[in-house]
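**Q** Structure provided below as structure tokens; questions to follow.
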Amino acid sequence: MGQSEKDVKLGRFLSLVLRHQPDAAGISLDEHGWADVAALLKGVCRTGRQIDMEDLERIVRENNKQRYSFNEDHTKIRANQGHSLQVDVQLREAKPPQYLYHGTAERFLPEIQARGIMKMNRQHVHLSGDFQTALAVGKRHGKPAVLKVDAGAMAQNGMVFYHSENGVWLCDYVAPAYFSSMEMD
């Protein structure tokens with residue numbers, strides 16, 4: 001069952017608040033990106049949106065990208081990755097599979113092929129473990145393009161990879177020598 005339109009809209013607002021602009025709900029994040037759940041609920045309601053603990057737990061549970069995590073007693077919540085704010089979400093270093101994938105839009109390929117895959121306004125470059133996920137990411141930005149990344153060679157050459165709680169692979173940069181464009185038939 002898909003999320004309701006209300007949950008999708010609330011989820012987008014939560015993403016904005018927990019990844020980029022906590023002040024949009026009048027809250028703050030700690031150094032690890034955690035927000036106090038009670039303050040978040042009050043702050044979201046002050047913006048004219050309706051949300052309670054049951055709504056929040058459902059959004060976290062049903063988000064198809066598994067964007068958010070609660071602490072053990074559900075008094076704190078944070079986004080798993082994708083922050084433009086400087087926070088330490090305590091990522092665990094991990095050995096990547098031989099190949100990972102990066103979804104983007106075709107219009108960005110010339111710049112990416114010249115400069116590499118850069119983190120831009122995020123803390124890390126986001127990579128997917130499979131082609132289909134990368135394709136879905138690329139479609140969000142226009143006509144999709146998928147790059148196949150030789151993560152195994154990067155790791156062998158000293159690049160550190162992290163694996164977020166929701167399965168996204170993260171690193172600081174991917175040089176052009178480590179990726180190739182996949183044909184989009």
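To be explicit about the labels: the chains of the structure tokens are called A, B, and onward in the order shown, and within each one the residues are counted from 1, while ligands get numbers from 1 in the order they are shown.
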Write out as JSON, numbers by chain which residues come within 10 Å of range 22-31 of chain A when counting only C-alpha atoms, dropping same-chain ones fewer than 2 positions away.
**A** {"A": [13, 14, 15, 16, 17, 18, 19, 20, 33, 34, 35, 36, 37, 39, 40, 41, 42, 43, 44, 45, 46, 47, 76, 77, 78, 85, 86, 87, 88, 89]}
**Q** Which residues are close to His163 in chain A, i.e. within 12 Å by only C-alpha atoms, leaving aside same-chain residues fewer than 3 positions away? Reply as a list in words.
**A**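 The filter keeps Asn80, Gln81, Val89, Gln90, Leu91, Arg92, Glu93, Ala94, Lys95, Pro96, Pro97, Leu100, His124, Val125, His126, Leu127, Ser128, Gly129, Val160, Asn166, Gly167, Val168, Trp169, Leu170 and Cys171 of chain A.
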**Q** For Lys143 in chain A, work out the shell of residues within 8 Å, counting only C-alpha atoms and skipping chain neighbours fewer than 5 positions away, then give it as a short mmCIF file (atom, residue, chain, number, x, y, z; two decimals) with all heavy atoms, in the first residue's frame.
**A**
data_model
loop_
_atom_site.label_atom_id
_atom_site.label_comp_id
_atom_site.auth_asym_id
_atom_site.auth_seq_id
_atom_site.Cartn_x
_atom_site.Cartn_y
_atom_site.Cartn_z
N ALA A 105 20.83 12.98 -14.23
CA ALA A 105 20.12 13.33 -15.46
C ALA A 105 21.13 13.44 -16.59
O ALA A 105 22.27 13.87 -16.38
CB ALA A 105 19.38 14.66 -15.29
N GLU A 106 20.71 13.07 -17.79
CA GLU A 106 21.60 13.13 -18.96
C GLU A 106 22.25 14.50 -19.12
O GLU A 106 23.41 14.59 -19.49
CB GLU A 106 20.81 12.78 -20.23
CG GLU A 106 21.03 11.40 -20.71
CD GLU A 106 20.35 11.13 -22.05
OE1 GLU A 106 20.01 12.08 -22.80
OE2 GLU A 106 20.16 9.94 -22.35
N ARG A 107 21.50 15.56 -18.82
CA ARG A 107 22.03 16.91 -19.04
C ARG A 107 23.25 17.21 -18.17
O ARG A 107 24.02 18.12 -18.46
CB ARG A 107 20.94 17.96 -18.84
CG ARG A 107 20.46 18.14 -17.41
CD ARG A 107 19.34 19.18 -17.33
NE ARG A 107 18.89 19.41 -15.98
CZ ARG A 107 18.02 18.66 -15.32
NH1 ARG A 107 17.47 17.61 -15.91
NH2 ARG A 107 17.67 18.95 -14.08
N GLY A 138 17.85 8.90 -11.03
CA GLY A 138 18.08 9.69 -12.23
C GLY A 138 16.80 10.27 -12.80
O GLY A 138 16.78 11.42 -13.25
#
**Q** Near Gly11 in chain A, within 9 Å and counting only C-alpha atoms, which residues show up once chain neighbours fewer than 6 positions away are dropped, as a PyMOL selection string?
**A** chain A and resi 56+59-60+63
**Q** Report, in Å with one decimal, the straight-line distance from CA of Lys139 in chain A to CA of Met182 in chain A.
**A**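 That distance, rounded to one decimal, is 14.4 Å.
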**Q** Tell me which of A:Asp130, A:Glu62, A:Glu111, A:Asp55 sits closest to Val149 in chain A, counting only C-alpha atoms.
**A**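 The closest residue to Val149 in chain A is A:Asp130.
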**Q** Could you jot down the CA of Glu57 in chain A to CA of Ala38 in chain A separation for me, Å, one decimal place?
**A** 12.6 Å
**Q** Using DSSP on the backbone coordinates, identify all residues within range 3-182 of chain A classified as strand (DSSP E or B); present the result as an MDAnalysis selection string.
**A** chainID A and resid 35:36 68:70 76:79 92:93 99:105 117:118 125:128 144:150 162:163 169:171 173:174 179:181
**Q** Keeping only C-alpha atoms, write the selected residues to a file as a PDB file, in the first residue's frame.
**A**
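File written: selection_14.pdb
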ATOM      1  CA  ALA A  35      15.882  16.203  16.713  1.00  0.00           C
ATOM      2  CA  ASP A  36      13.694  15.975  19.791  1.00  0.00           C
ATOM      3  CA  TYR A  68      14.475   8.504   8.865  1.00  0.00           C
ATOM      4  CA  SER A  69      15.406   6.659  12.055  1.00  0.00           C
ATOM      5  CA  PHE A  70      14.211   6.887  15.641  1.00  0.00           C
ATOM      6  CA  LYS A  76      14.605  11.447  18.975  1.00  0.00           C
ATOM      7  CA  ILE A  77      14.506  11.237  15.174  1.00  0.00           C
ATOM      8  CA  ARG A  78      16.975  11.985  12.383  1.00  0.00           C
ATOM      9  CA  ALA A  79      17.445  11.680   8.660  1.00  0.00           C
ATOM     10  CA  ARG A  92      29.766   2.965   9.572  1.00  0.00           C
ATOM     11  CA  GLU A  93      32.682   2.428   7.240  1.00  0.00           C
ATOM     12  CA  TYR A  99      30.297  -2.063  -8.627  1.00  0.00           C
ATOM     13  CA  LEU A 100      27.924   0.637  -7.454  1.00  0.00           C
ATOM     14  CA  TYR A 101      25.675   2.929  -9.512  1.00  0.00           C
ATOM     15  CA  HIS A 102      24.998   6.658  -9.621  1.00  0.00           C
ATOM     16  CA  GLY A 103      21.739   7.995 -11.038  1.00  0.00           C
ATOM     17  CA  THR A 104      21.663  11.462 -12.545  1.00  0.00           C
ATOM     18  CA  ALA A 105      20.116  13.333 -15.460  1.00  0.00           C
ATOM     19  CA  ILE A 117      30.902  12.806  -9.351  1.00  0.00           C
ATOM     20  CA  MET A 118      30.988  15.467  -6.658  1.00  0.00           C
ATOM     21  CA  VAL A 125      28.267  11.402  -3.022  1.00  0.00           C
ATOM     22  CA  HIS A 126      25.282   9.015  -3.005  1.00  0.00           C
ATOM     23  CA  LEU A 127      25.626   5.655  -4.777  1.00  0.00           C
ATOM     24  CA  SER A 128      23.164   2.791  -5.187  1.00  0.00           C
ATOM     25  CA  PRO A 144      17.905   9.580 -16.629  1.00  0.00           C
ATOM     26  CA  ALA A 145      21.494   8.480 -16.968  1.00  0.00           C
ATOM     27  CA  VAL A 146      23.190   5.811 -14.858  1.00  0.00           C
ATOM     28  CA  LEU A 147      26.912   5.632 -14.221  1.00  0.00           C
ATOM     29  CA  LYS A 148      28.557   2.334 -13.265  1.00  0.00           C
ATOM     30  CA  VAL A 149      31.196   2.987 -10.586  1.00  0.00           C
ATOM     31  CA  ASP A 150      34.152   0.656  -9.970  1.00  0.00           C
ATOM     32  CA  TYR A 162      30.115   4.262   4.199  1.00  0.00           C
ATOM     33  CA  HIS A 163      26.862   2.324   4.119  1.00  0.00           C
ATOM     34  CA  TRP A 169      26.502   3.909  -0.288  1.00  0.00           C
ATOM     35  CA  LEU A 170      28.385   7.124   0.429  1.00  0.00           C
ATOM     36  CA  CYS A 171      31.853   8.446  -0.403  1.00  0.00           C
ATOM     37  CA  TYR A 173      34.167  11.852  -4.576  1.00  0.00           C
ATOM     38  CA  VAL A 174      34.279   9.609  -7.658  1.00  0.00           C
ATOM     39  CA  PHE A 179      32.996   5.255 -13.771  1.00  0.00           C
ATOM     40  CA  SER A 180      31.429   4.616 -17.124  1.00  0.00           C
ATOM     41  CA  SER A 181      28.072   5.642 -18.547  1.00  0.00           C
TER      42      SER A 181
END
**Q** Interatomic distance between CA of Phe131 in chain A and CA of Ala155 in chain A?
**A**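 Those two atoms sit 19.8 Å apart.
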**Q** Ranking A:Ile51, A:Ala136, A:Met120, A:Ala177 by minimum distance to Ala151 in chain A and counting only C-alpha atoms, which one comes first?
**A**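 Comparing A:Ile51, A:Ala136, A:Met120, A:Ala177 against Ala151 in chain A, the winner is A:Ala177.
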